[in-house]
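Next comes final.txt, a file with compact mmCIF, C-alpha atoms.
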# COMPACT_ATOMS: atom_id res chain seq x y z
CA MET A 754 1.57 -18.58 -16.07
CA ALA A 755 1.07 -15.21 -17.72
CA ASN A 756 -0.95 -13.86 -14.82
CA THR A 757 2.16 -12.42 -13.21
CA SER A 758 4.96 -10.01 -14.02
CA GLY A 759 7.54 -9.54 -11.30
CA GLN A 760 5.55 -9.39 -8.09
CA ALA A 761 2.46 -8.01 -9.81
CA PHE A 762 -0.65 -10.06 -10.60
CA ALA A 763 -3.20 -9.49 -13.35
CA LEU A 764 -6.66 -10.71 -12.34
CA MET A 765 -9.72 -10.77 -14.57
CA THR A 766 -13.10 -12.14 -13.61
CA ALA A 767 -16.34 -12.25 -15.58
CA SER A 768 -19.53 -12.97 -13.64
CA PRO A 769 -23.00 -13.38 -15.15
CA VAL A 770 -25.42 -10.73 -13.91
CA LEU A 771 -28.91 -11.79 -12.74
CA GLY A 772 -31.69 -10.91 -15.15
CA GLY A 773 -32.70 -7.25 -15.09
CA ARG A 774 -30.03 -6.27 -12.56
CA ALA A 775 -27.48 -4.70 -14.90
CA PRO A 776 -28.82 -1.13 -14.73
CA THR A 777 -28.91 -1.14 -10.91
CA LEU A 778 -25.42 -2.60 -10.72
CA ARG A 779 -24.07 -0.09 -13.19
CA THR A 780 -25.60 2.80 -11.25
CA TYR A 781 -24.12 1.52 -8.00
CA LEU A 782 -20.65 1.24 -9.52
CA ARG A 783 -20.83 4.70 -11.06
CA ARG A 784 -21.82 6.22 -7.74
CA LEU A 785 -18.97 4.63 -5.79
CA PRO A 786 -16.58 7.23 -4.43
CA THR A 787 -13.39 7.47 -6.44
CA GLY A 788 -9.73 8.01 -5.59
CA GLU A 789 -8.71 7.47 -1.99
CA LYS A 790 -12.34 6.88 -1.04
CA SER A 791 -12.79 4.01 -3.48
CA PRO A 792 -13.33 0.73 -1.60
CA LEU A 793 -10.37 -0.63 -3.57
CA ALA A 794 -8.11 1.89 -1.81
CA ARG A 795 -8.57 -0.03 1.44
CA LEU A 796 -6.77 -3.04 0.01
CA GLY A 797 -3.49 -1.12 -0.22
CA THR A 798 -2.12 -3.43 -2.90
CA THR A 799 -4.15 -2.38 -5.93
CA HIS A 800 -2.19 -0.45 -8.55
CA PHE A 801 -5.06 -0.04 -11.07
CA ALA A 802 -8.44 -1.74 -11.21
CA ARG A 803 -11.81 -1.35 -12.85
CA TRP A 804 -15.31 -2.75 -12.94
CA LEU A 805 -17.40 -2.76 -16.08
CA VAL A 806 -20.79 -4.22 -16.93
CA ILE A 807 -21.14 -5.38 -20.52
CA ASP A 808 -24.57 -6.09 -21.98
CA ASP A 809 -23.42 -7.46 -25.29
CA LEU A 810 -20.53 -7.98 -27.68
CA VAL A 811 -19.53 -5.42 -30.29
CA TYR A 812 -20.29 -6.51 -33.84
CA GLN A 813 -17.59 -5.73 -36.42
CA GLY A 814 -19.70 -6.19 -39.52
CA PRO A 815 -19.43 -8.87 -42.23
CA PRO A 816 -17.83 -11.33 -42.68
CA GLN A 817 -18.19 -11.73 -38.90
CA VAL A 818 -21.39 -13.50 -37.91
CA ARG A 819 -23.24 -11.40 -35.34
CA GLU A 820 -23.62 -13.03 -31.93
CA HIS A 821 -25.26 -11.87 -28.72
CA LEU A 822 -24.62 -12.57 -25.08
CA LYS A 823 -27.41 -14.32 -23.18
CA SER A 824 -26.59 -12.39 -20.01
CA SER A 825 -24.90 -9.19 -19.01
CA TYR A 826 -21.50 -9.77 -17.41
CA LEU A 827 -19.71 -7.95 -14.62
CA ILE A 828 -16.03 -7.77 -15.49
CA PHE A 829 -13.50 -7.02 -12.78
CA VAL A 830 -9.92 -6.33 -13.83
CA SER A 831 -7.18 -5.62 -11.33
CA ASN A 832 -3.40 -5.12 -11.37
CA PHE A 833 -2.15 -5.66 -7.84
CA ASP A 834 0.69 -6.92 -5.64
CA GLY A 835 0.40 -10.68 -5.49
CA PRO A 836 -0.25 -13.31 -4.41
CA LEU A 837 -3.79 -13.83 -5.64
CA GLY A 838 -5.05 -15.62 -2.54
CA SER A 839 -4.15 -12.73 -0.23
CA TYR A 840 -5.81 -10.23 -2.51
CA ILE A 841 -9.11 -12.09 -2.74
CA ASP A 842 -9.02 -12.53 1.00
CA ALA A 843 -8.46 -8.80 1.48
CA ILE A 844 -11.51 -7.98 -0.65
CA ALA A 845 -13.71 -10.15 1.53
CA ARG A 846 -12.19 -8.80 4.72
CA LEU A 847 -11.83 -5.08 3.95
CA MET A 848 -14.71 -4.30 1.61
CA PRO A 849 -17.40 -6.90 2.33
CA VAL A 850 -20.29 -4.43 2.12
CA GLU A 851 -19.28 -3.20 -1.32
CA ALA A 852 -18.35 -6.71 -2.53
CA ASP A 853 -21.85 -7.90 -1.60
CA ALA A 854 -23.47 -4.83 -3.14
CA ILE A 855 -21.57 -5.43 -6.40
CA TRP A 856 -21.30 -9.17 -6.88
CA GLY A 857 -24.62 -9.72 -5.10
CA HIS A 858 -26.18 -8.93 -8.49
CA CYS A 859 -24.42 -11.94 -10.02
CA VAL A 860 -25.53 -15.53 -10.39
CA GLY A 861 -24.09 -17.86 -7.78
CA TYR A 862 -22.53 -15.23 -5.53
CA PRO A 863 -22.12 -16.69 -2.01
CA GLY A 864 -21.38 -13.49 -0.11
CA ALA A 865 -18.16 -12.13 1.38
CA ALA A 866 -18.97 -13.38 4.89
CA ASP A 867 -17.55 -16.79 4.01
CA PRO A 868 -14.00 -16.10 2.71
CA THR A 869 -13.54 -19.62 1.36
CA ALA A 870 -16.78 -19.51 -0.59
CA PHE A 871 -15.95 -16.01 -1.82
CA ALA A 872 -12.53 -17.16 -3.01
CA GLY A 873 -14.14 -20.12 -4.77
CA PHE A 874 -16.55 -17.81 -6.57
CA VAL A 875 -13.76 -15.48 -7.72
CA GLN A 876 -11.60 -18.32 -8.96
CA ARG A 877 -14.48 -20.00 -10.76
CA ASN A 878 -15.07 -16.72 -12.61
CA GLN A 879 -11.41 -16.05 -13.33
CA ILE A 880 -10.20 -15.73 -16.90
CA ASP A 881 -6.49 -16.32 -17.40
CA THR A 882 -4.23 -13.57 -18.65
CA THR A 883 -2.34 -14.29 -21.86
CA PHE A 884 0.22 -11.47 -21.83
CA PHE A 885 0.88 -9.00 -19.03
CA VAL A 886 3.29 -6.07 -19.01
CA SER A 887 4.19 -3.46 -16.45
CA ALA A 888 6.62 -0.59 -16.55
CA TYR A 889 7.71 -1.44 -12.99
CA PRO A 890 6.69 -5.04 -12.25
CA ASP A 891 8.84 -5.41 -9.14
CA ALA A 892 7.50 -2.36 -7.31
CA SER A 893 4.63 -2.76 -4.89
CA VAL A 894 2.06 -0.01 -4.35
CA ALA A 895 3.75 0.80 -1.04
CA GLN A 896 7.15 1.09 -2.70
CA VAL A 897 5.78 3.31 -5.46
CA ARG A 898 4.12 5.61 -2.95
CA GLU A 899 7.15 5.75 -0.66
CA SER A 900 9.37 6.52 -3.63
CA LEU A 901 7.09 9.30 -4.85
CA ARG A 902 7.08 10.78 -1.35
CA ALA A 903 10.89 10.47 -1.05
CA ARG A 904 11.33 12.19 -4.39
CA GLU A 905 9.17 15.08 -3.32
CA ARG A 906 10.88 15.40 0.07
CA PHE A 907 14.33 15.32 -1.45
CA THR A 908 13.41 17.86 -4.14
CA ASN A 909 12.14 20.24 -1.47
CA PHE A 910 15.28 19.65 0.57
CA ALA A 911 17.65 20.23 -2.35
CA VAL A 912 15.98 23.54 -3.14
CA SER A 913 16.01 24.64 0.50
CA VAL A 914 19.75 24.04 1.01
CA GLN A 915 21.02 25.74 -2.12
CA GLY A 916 23.87 28.08 -1.14
CA THR A 917 24.29 26.61 2.35
CA ASP A 918 27.83 26.12 3.64
CA PRO A 919 29.17 22.52 3.65
CA ALA A 920 28.95 22.00 7.40
CA ALA A 921 25.36 23.21 7.60
CA LEU A 922 24.52 21.17 4.50
CA ARG A 923 25.92 18.00 6.04
CA ARG A 924 24.03 18.63 9.32
CA ALA A 925 20.80 19.32 7.46
CA PHE A 926 21.12 16.25 5.26
CA THR A 927 21.94 13.79 8.02
CA ALA A 928 19.11 15.19 10.13
CA ARG A 929 16.55 15.02 7.32
CA PHE A 930 17.76 11.75 5.79
CA PRO A 931 19.28 9.51 8.44
CA VAL A 932 20.41 6.01 7.58
CA PRO A 933 17.38 4.07 6.30
CA ALA A 934 15.97 1.52 8.73
CA MET B 612 22.37 23.73 -9.81
CA THR B 613 20.20 26.82 -9.70
CA ARG B 614 16.75 25.56 -10.56
CA THR B 615 13.79 27.41 -9.15
CA PRO B 616 11.31 25.55 -6.95
CA THR B 617 8.77 25.57 -9.77
CA ALA B 618 11.21 24.05 -12.24
CA THR B 619 12.30 21.25 -9.97
CA ARG B 620 8.74 20.35 -9.15
CA GLN B 621 7.53 20.34 -12.74
CA ARG B 622 6.13 16.97 -13.62
CA SER B 623 7.67 15.10 -16.49
CA GLY B 624 5.11 14.74 -19.24
CA SER B 625 4.53 11.82 -21.52
CA PRO B 626 6.90 11.72 -24.50
CA LEU B 627 4.22 13.22 -26.69
CA VAL B 628 3.19 16.08 -24.43
CA PRO B 629 5.70 18.89 -24.22
CA VAL B 630 6.66 19.66 -20.63
CA GLY B 631 4.75 22.71 -19.52
CA ASP B 632 1.75 21.93 -21.71
CA ALA B 633 -1.38 23.29 -20.09
CA ARG B 634 -3.51 20.23 -20.88
CA THR B 635 -4.46 18.08 -17.95
CA VAL B 636 -6.26 14.79 -18.11
CA ALA B 637 -9.01 15.19 -15.54
CA VAL B 638 -9.75 15.89 -11.91
CA GLN B 639 -10.33 13.03 -9.51
CA THR B 640 -14.00 13.55 -8.84
CA VAL B 641 -15.14 13.34 -12.47
CA ASP B 642 -17.95 10.93 -13.23
CA VAL B 643 -16.41 8.07 -15.19
CA ARG B 644 -19.04 8.61 -17.88
CA THR B 645 -17.35 11.40 -19.81
CA VAL B 646 -18.44 13.08 -23.01
CA ASP B 647 -18.66 10.05 -25.23
CA GLY B 648 -19.44 7.53 -22.52
CA VAL B 649 -16.37 5.37 -22.70
CA ARG B 650 -13.30 7.26 -21.58
CA ALA B 651 -12.44 6.53 -17.96
CA VAL B 652 -9.95 8.49 -15.94
CA ASP B 653 -8.64 8.76 -12.39
CA GLY B 654 -6.33 11.71 -11.95
CA ARG B 655 -3.74 11.41 -14.71
CA ALA B 656 -4.41 7.72 -15.28
CA THR B 657 -6.59 6.76 -18.25
CA ALA B 658 -8.25 3.43 -18.93
CA ILE B 659 -9.04 1.67 -22.19
CA THR B 660 -10.86 -1.68 -22.29
CA VAL B 661 -11.36 -3.40 -25.64
CA MET B 662 -12.70 -6.83 -26.63
CA THR B 663 -12.57 -7.96 -30.26
CA PRO B 664 -13.60 -11.20 -31.99
CA ILE B 665 -10.70 -13.29 -33.30
CA LYS B 666 -11.06 -14.75 -36.79
CA PRO B 667 -11.68 -18.51 -36.76
CA GLY B 668 -8.52 -20.56 -36.52
CA MET B 669 -6.37 -17.53 -35.69
CA THR B 670 -6.24 -17.97 -31.91
CA PRO B 671 -3.05 -20.07 -31.93
CA LEU B 672 -1.36 -17.31 -33.92
CA VAL B 673 -2.39 -14.71 -31.36
CA ARG B 674 -1.07 -16.95 -28.58
CA LEU B 675 2.20 -17.32 -30.44
CA VAL B 676 2.58 -13.57 -30.84
CA MET B 677 1.92 -13.10 -27.12
CA PHE B 678 4.26 -15.93 -26.13
CA ALA B 679 6.98 -14.46 -28.32
CA GLY B 680 6.31 -11.06 -26.80
CA GLU B 681 6.80 -12.44 -23.34
CA HIS B 682 10.10 -14.03 -24.22
CA LEU B 683 11.63 -11.53 -26.58
CA SER B 684 13.18 -8.35 -25.31
CA VAL B 685 12.22 -6.61 -28.55
CA LEU B 686 8.64 -6.17 -27.44
CA ALA B 687 9.69 -5.15 -23.95
CA GLU B 688 11.90 -2.47 -25.49
CA ALA B 689 9.08 -1.27 -27.72
CA LEU B 690 6.77 -1.00 -24.76
CA VAL B 691 9.39 0.87 -22.77
CA LYS B 692 9.49 3.35 -25.65
CA LEU B 693 5.80 3.82 -25.00
CA SER B 694 6.80 4.95 -21.54
CA PHE B 695 3.41 6.21 -20.53
CA ILE B 696 1.92 2.75 -19.97
CA HIS B 697 1.71 1.72 -16.31
CA TYR B 698 0.14 -1.70 -16.75
CA ALA B 699 -1.39 -3.48 -19.74
CA ARG B 700 -2.60 -6.97 -20.49
CA TRP B 701 -4.21 -9.11 -23.14
CA SER B 702 -6.41 -12.14 -22.46
CA ILE B 703 -7.76 -14.59 -24.99
CA VAL B 704 -11.32 -15.31 -23.92
CA THR B 705 -12.42 -18.73 -25.16
CA GLY B 706 -15.61 -18.87 -23.13
CA LEU B 707 -17.42 -17.08 -20.36
CA PRO B 708 -17.81 -18.60 -16.88
CA TYR B 709 -20.95 -20.57 -16.10
CA ASN B 710 -22.29 -20.18 -12.57
CA GLY B 711 -25.30 -22.47 -12.92
CA PRO B 712 -28.99 -21.67 -13.28
CA PRO B 713 -30.67 -19.30 -13.85
CA GLN B 714 -27.73 -18.31 -16.07
CA GLU B 715 -28.00 -19.69 -19.59
CA LYS B 716 -24.74 -21.24 -20.69
CA GLU B 717 -22.92 -19.03 -23.16
CA ARG B 718 -21.70 -20.65 -26.36
CA LEU B 719 -19.45 -18.14 -28.04
CA HIS B 720 -19.04 -18.46 -31.78
CA TYR B 721 -15.62 -16.83 -31.61
CA ASP B 722 -12.71 -16.46 -29.26
CA TYR B 723 -12.30 -12.86 -28.11
CA LEU B 724 -9.18 -10.82 -27.50
CA PHE B 725 -9.57 -8.73 -24.36
CA PHE B 726 -7.22 -5.80 -23.84
CA GLU B 727 -6.94 -3.62 -20.76
CA THR B 728 -4.49 -0.76 -20.28
CA ASN B 729 -3.65 1.93 -17.74
CA PHE B 730 -1.64 4.86 -18.99
CA ASN B 731 -1.19 8.58 -18.70
CA GLY B 732 -1.90 11.06 -21.41
CA THR B 733 -5.00 11.34 -23.51
CA TRP B 734 -6.78 8.55 -25.32
CA ASP B 735 -5.78 10.08 -28.67
CA GLU B 736 -2.10 10.37 -27.76
CA TYR B 737 -2.12 6.73 -26.72
CA ILE B 738 -3.50 5.44 -30.01
CA ASP B 739 -1.24 7.83 -31.94
CA ALA B 740 1.76 6.40 -30.13
CA PHE B 741 0.85 2.78 -30.83
CA SER B 742 0.27 3.66 -34.47
CA GLU B 743 3.62 5.48 -34.77
CA VAL B 744 5.90 3.47 -32.53
CA VAL B 745 4.79 -0.16 -32.76
CA PRO B 746 2.59 -0.53 -35.87
CA ASN B 747 3.89 -4.01 -36.68
CA ARG B 748 3.16 -5.17 -33.17
CA MET B 749 -0.38 -3.77 -33.47
CA LYS B 750 -0.85 -5.61 -36.75
CA ALA B 751 0.42 -8.84 -35.23
CA ILE B 752 -1.90 -8.62 -32.23
CA TRP B 753 -5.07 -7.16 -33.76
CA GLY B 754 -4.63 -8.25 -37.38
CA THR B 755 -6.37 -11.51 -36.48
CA SER B 756 -9.47 -9.73 -35.15
CA PHE B 757 -12.43 -8.98 -37.36
CA GLY B 758 -12.69 -5.41 -38.57
CA PHE B 759 -9.12 -4.33 -37.81
CA PRO B 760 -8.24 -1.68 -40.43
CA GLY B 761 -4.48 -1.69 -39.80
CA PRO B 762 -2.48 0.62 -37.53
CA ARG B 763 -2.02 3.27 -40.23
CA PRO B 764 -3.48 5.61 -41.16
CA VAL B 765 -4.36 6.31 -37.55
CA GLY B 766 -7.88 7.65 -38.24
CA PRO B 767 -9.54 4.30 -39.01
CA PHE B 768 -7.45 2.64 -36.28
CA LYS B 769 -8.79 5.11 -33.73
CA ALA B 770 -12.33 4.61 -34.99
CA TYR B 771 -11.91 0.84 -34.58
CA ILE B 772 -10.59 1.07 -31.03
CA HIS B 773 -13.25 3.62 -30.14
CA ALA B 774 -16.03 1.41 -31.46
CA ASN B 775 -14.71 -1.46 -29.36
CA ASP B 776 -13.82 0.56 -26.24
CA LEU B 777 -16.05 -0.66 -23.41
CA ALA B 778 -17.55 1.79 -20.90
CA VAL B 779 -15.90 1.52 -17.47
CA ASP B 780 -18.18 1.91 -14.46
CA HIS B 781 -15.57 2.34 -11.74
CA TYR B 782 -11.89 3.04 -12.24
CA TYR B 783 -9.26 3.20 -9.50
CA GLY B 784 -5.55 4.09 -9.48
CA ALA B 785 -3.34 4.01 -6.39
CA TYR B 786 -1.18 7.00 -7.39
CA PRO B 787 -3.37 8.80 -9.89
CA GLU B 788 -1.32 11.98 -10.08
CA ALA B 789 1.90 10.22 -11.05
CA THR B 790 2.87 9.57 -14.64
CA THR B 791 4.76 6.38 -15.48
CA LYS B 792 7.92 8.41 -16.02
CA THR B 793 7.54 9.97 -12.59
CA VAL B 794 7.05 6.58 -10.96
CA LEU B 795 10.17 5.20 -12.66
CA ALA B 796 12.19 8.29 -11.75
CA ALA B 797 11.02 8.08 -8.13
CA LEU B 798 11.91 4.40 -7.84
CA ARG B 799 15.40 5.08 -9.23
CA LEU B 800 15.92 8.13 -7.05
CA ARG B 801 14.84 6.41 -3.87
CA GLU B 802 17.28 3.57 -4.45
CA LYS B 803 20.14 5.99 -5.05
CA LEU B 804 19.11 8.16 -2.13
CA ASP B 805 19.06 5.19 0.24
CA ALA B 806 22.56 4.25 -0.90
CA PHE B 807 23.78 7.81 -0.42
CA ARG B 808 22.25 8.02 3.03
CA VAL B 809 24.32 5.03 4.10
CA LYS B 810 27.44 6.47 2.49
CA ALA B 811 26.88 9.88 4.08
CA THR B 812 27.33 8.60 7.62
CA ASP B 813 30.97 7.74 6.83
CA ILE B 814 31.80 11.20 5.50
CA THR B 815 32.56 13.38 8.47
CA ASP B 816 34.53 16.15 6.75
CA PRO B 817 32.09 18.84 5.51
CA ASP B 818 34.00 19.60 2.29
CA ASP B 819 34.21 15.90 1.46
CA PHE B 820 30.51 15.67 2.14
CA LYS B 821 29.74 18.63 -0.12
CA ARG B 822 31.69 17.00 -2.95
CA ALA B 823 29.88 13.72 -2.47
CA TYR B 824 26.53 15.49 -2.26
CA ASP B 825 27.17 17.41 -5.49
CA ALA B 826 28.17 14.19 -7.23
CA PHE B 827 24.96 12.62 -5.96
CA LEU B 828 22.92 15.51 -7.37
CA VAL B 829 24.50 14.98 -10.78
CA ASP B 830 23.71 11.28 -10.57
CA ILE B 831 20.02 11.88 -9.85
CA GLN B 832 19.45 15.03 -11.90
CA HIS B 833 17.24 13.25 -14.40
CA ASP B 834 15.17 11.62 -11.70
CA LEU B 835 14.12 14.81 -9.94

This entry written out as structure tokens:
Amino acid sequence: MANTSGQAFALMTASPVLGGRAPTLRTYLRRLPTGEKSPLARLGTTHFARWLVIDDLVYQGPPQVREHLKSSYLIFVSNFDGPLGSYIDAIARLMPVEADAIWGHCVGYPGAADPTAFAGFVQRNQIDTTFFVSAYPDASVAQVRESLRARERFTNFAVSVQGTDPAALRRAFTARFPVPA
Amino acid sequence: MTRTPTATRQRSGSPLVPVGDARTVAVQTVDVRTVDGVRAVDGRATAITVMTPIKPGMTPLVRLVMFAGEHLSVLAEALVKLSFIHYARWSIVTGLPYNGPPQEKERLHYDYLFFETNFNGTWDEYIDAFSEVVPNRMKAIWGTSFGFPGPRPVGPFKAYIHANDLAVDHYYGAYPEATTKTVLAALRLREKLDAFRVKATDITDPDDFKRAYDAFLVDIQHDL
């Protein structure tokens, strides 16, 4: 199944938006806080994710025959630490208010209060991934963050001990970087 | 090693941006609707989302190209060369989900190729890189979509991607200030550091420790 690479999972869902609701949904999404305050940050396992509302398909010109969508669609794309079931569960558990505010504009949305129904809705709207690549497929979000922190800490340390005598260096290192748990 | 604090903390840029270049991608609080309405950013991470119609009968060919990509190291190597991509994926969309009334069932005339990517650097640098580094791969993947002008010259290729780039309404990255190179360097460094921490406990003589520490610094110099 091409939905995974290493321990990472590529999810895509497309949900039909109720008539006339696309502008409201779009506005809500655009006003969501970003960065650490994004509701997705609460999940802790999301590397990169996005929501987009599409109203129609892009026409390429002849010889393509122009076609139009009958509904707007809410597309959710996420690259996260698997497995899928835990992730969907986490959305319902950790961001139920936002999930309802977003997918509540979609046809057939059961609400996040019932995790089983929510999972069913997500999976019914899932579109399989054909090809998925990551530069670091085996690293979880936690591992990436810990590694970035360790790199910064060690860089600061290395700079601070330049010119120190060997005994002091050894003491400083073993104090700052004891054996990992 | 006599680097200054500033030098050791300098972020590694993408292969196309000289280190020390003053350009930055964006600040975190920017509205995702930027100047032309489609470019989404979070910190240094940039998003592109594209969906193009596949020419009739060509879907199996696209699947084959993707299947081959998954199983051949050649593509993996090419993508590693484009070392500013965090995550990317392609999905062949053969239909859109039906959730029942009042939704009208969608009957798509074509299959669509959906592409989503997360990278660091600017939108232009990204397309430039694909055009320069993996043009044959681009032709193989998008050559079966209507309207694809070819990967070179890059002007029409950029116009094509831009025309098909879908506006993102919310974009999130878990470590938005880190480039892909930085993430890879940090993962490598942490692994080596953990190993050295274990080793260090067995080295009680200070001069022996200093030698081991200096050797460790040489080992990780490219990861700092």

Quiz item: Counting all atoms listed in the file, which residues from chain A have an atom at most 6 Å from any atom of chain B, and could you show them as JSON, numbers by chain?
Solution: {"A": [782, 783, 800, 801, 802, 803, 804, 805, 813, 861, 878, 882, 883, 884, 885, 886, 887, 888, 900, 901, 904, 919, 920, 932]}

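Atom to atom, CA of Pro868 in chain A and CA of Ala845 in chain A stand 6.1 Å apart.
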
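Atom pair CA of Met765 in chain A / CA of Val830 in chain A: separated by 4.5 Å.
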
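Remark: for Lys790 in chain A, the closest of the candidate residues A:Val770, A:Met848, A:Ala921, A:Ile828 is A:Met848 (distances computed over all atoms listed in the file).
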
Quiz item: For the atom pair CA of Pro863 in chain A and CA of Pro776 in chain A, what is the interatomic distance in Å to one decimal place?
Solution: 21.2 Å

Quick one: range 663-670 of chain B with all heavy atoms, as a PDB file, in the frame of the given file?
ATOM      1  N   THR B 663     -12.305  -7.786 -28.832  1.00  0.00           N
ATOM      2  CA  THR B 663     -12.570  -7.960 -30.260  1.00  0.00           C
ATOM      3  C   THR B 663     -12.630  -9.437 -30.624  1.00  0.00           C
ATOM      4  O   THR B 663     -11.902 -10.248 -30.050  1.00  0.00           O
ATOM      5  CB  THR B 663     -11.479  -7.282 -31.112  1.00  0.00           C
ATOM      6  OG1 THR B 663     -10.207  -7.745 -30.669  1.00  0.00           O
ATOM      7  CG2 THR B 663     -11.534  -5.770 -30.976  1.00  0.00           C
ATOM      8  N   PRO B 664     -13.482  -9.794 -31.594  1.00  0.00           N
ATOM      9  CA  PRO B 664     -13.600 -11.200 -31.990  1.00  0.00           C
ATOM     10  C   PRO B 664     -12.421 -11.619 -32.873  1.00  0.00           C
ATOM     11  O   PRO B 664     -12.065 -10.922 -33.824  1.00  0.00           O
ATOM     12  CB  PRO B 664     -14.911 -11.230 -32.792  1.00  0.00           C
ATOM     13  CG  PRO B 664     -15.078  -9.838 -33.307  1.00  0.00           C
ATOM     14  CD  PRO B 664     -14.407  -8.922 -32.334  1.00  0.00           C
ATOM     15  N   ILE B 665     -11.833 -12.765 -32.547  1.00  0.00           N
ATOM     16  CA  ILE B 665     -10.700 -13.290 -33.300  1.00  0.00           C
ATOM     17  C   ILE B 665     -11.222 -14.150 -34.448  1.00  0.00           C
ATOM     18  O   ILE B 665     -12.143 -14.954 -34.271  1.00  0.00           O
ATOM     19  CB  ILE B 665      -9.783 -14.138 -32.386  1.00  0.00           C
ATOM     20  CG1 ILE B 665      -9.272 -13.277 -31.219  1.00  0.00           C
ATOM     21  CG2 ILE B 665      -8.595 -14.709 -33.171  1.00  0.00           C
ATOM     22  CD1 ILE B 665      -8.499 -14.072 -30.165  1.00  0.00           C
ATOM     23  N   LYS B 666     -10.639 -13.975 -35.620  1.00  0.00           N
ATOM     24  CA  LYS B 666     -11.060 -14.750 -36.790  1.00  0.00           C
ATOM     25  C   LYS B 666     -10.858 -16.239 -36.528  1.00  0.00           C
ATOM     26  O   LYS B 666      -9.874 -16.629 -35.878  1.00  0.00           O
ATOM     27  CB  LYS B 666     -10.274 -14.331 -38.027  1.00  0.00           C
ATOM     28  CG  LYS B 666     -10.583 -12.916 -38.482  1.00  0.00           C
ATOM     29  CD  LYS B 666      -9.642 -12.472 -39.592  1.00  0.00           C
ATOM     30  CE  LYS B 666      -9.866 -11.012 -39.898  1.00  0.00           C
ATOM     31  NZ  LYS B 666      -8.785 -10.459 -40.728  1.00  0.00           N
ATOM     32  N   PRO B 667     -11.777 -17.071 -37.032  1.00  0.00           N
ATOM     33  CA  PRO B 667     -11.680 -18.510 -36.760  1.00  0.00           C
ATOM     34  C   PRO B 667     -10.319 -19.073 -37.142  1.00  0.00           C
ATOM     35  O   PRO B 667      -9.785 -18.751 -38.210  1.00  0.00           O
ATOM     36  CB  PRO B 667     -12.779 -19.106 -37.657  1.00  0.00           C
ATOM     37  CG  PRO B 667     -13.754 -18.010 -37.851  1.00  0.00           C
ATOM     38  CD  PRO B 667     -12.956 -16.738 -37.845  1.00  0.00           C
ATOM     39  N   GLY B 668      -9.804 -19.909 -36.266  1.00  0.00           N
ATOM     40  CA  GLY B 668      -8.520 -20.560 -36.520  1.00  0.00           C
ATOM     41  C   GLY B 668      -7.311 -19.704 -36.212  1.00  0.00           C
ATOM     42  O   GLY B 668      -6.180 -20.199 -36.251  1.00  0.00           O
ATOM     43  N   MET B 669      -7.513 -18.440 -35.897  1.00  0.00           N
ATOM     44  CA  MET B 669      -6.370 -17.530 -35.690  1.00  0.00           C
ATOM     45  C   MET B 669      -5.876 -17.472 -34.245  1.00  0.00           C
ATOM     46  O   MET B 669      -4.848 -16.871 -33.962  1.00  0.00           O
ATOM     47  CB  MET B 669      -6.725 -16.114 -36.145  1.00  0.00           C
ATOM     48  CG  MET B 669      -7.012 -15.985 -37.633  1.00  0.00           C
ATOM     49  SD  MET B 669      -5.474 -16.008 -38.600  1.00  0.00           S
ATOM     50  CE  MET B 669      -5.650 -17.569 -39.416  1.00  0.00           C
ATOM     51  N   THR B 670      -6.628 -18.063 -33.329  1.00  0.00           N
ATOM     52  CA  THR B 670      -6.240 -17.970 -31.910  1.00  0.00           C
ATOM     53  C   THR B 670      -4.822 -18.464 -31.640  1.00  0.00           C
ATOM     54  O   THR B 670      -4.067 -17.796 -30.925  1.00  0.00           O
ATOM     55  CB  THR B 670      -7.267 -18.673 -31.010  1.00  0.00           C
ATOM     56  OG1 THR B 670      -8.534 -18.050 -31.189  1.00  0.00           O
ATOM     57  CG2 THR B 670      -6.871 -18.588 -29.550  1.00  0.00           C
TER      58      THR B 670
END
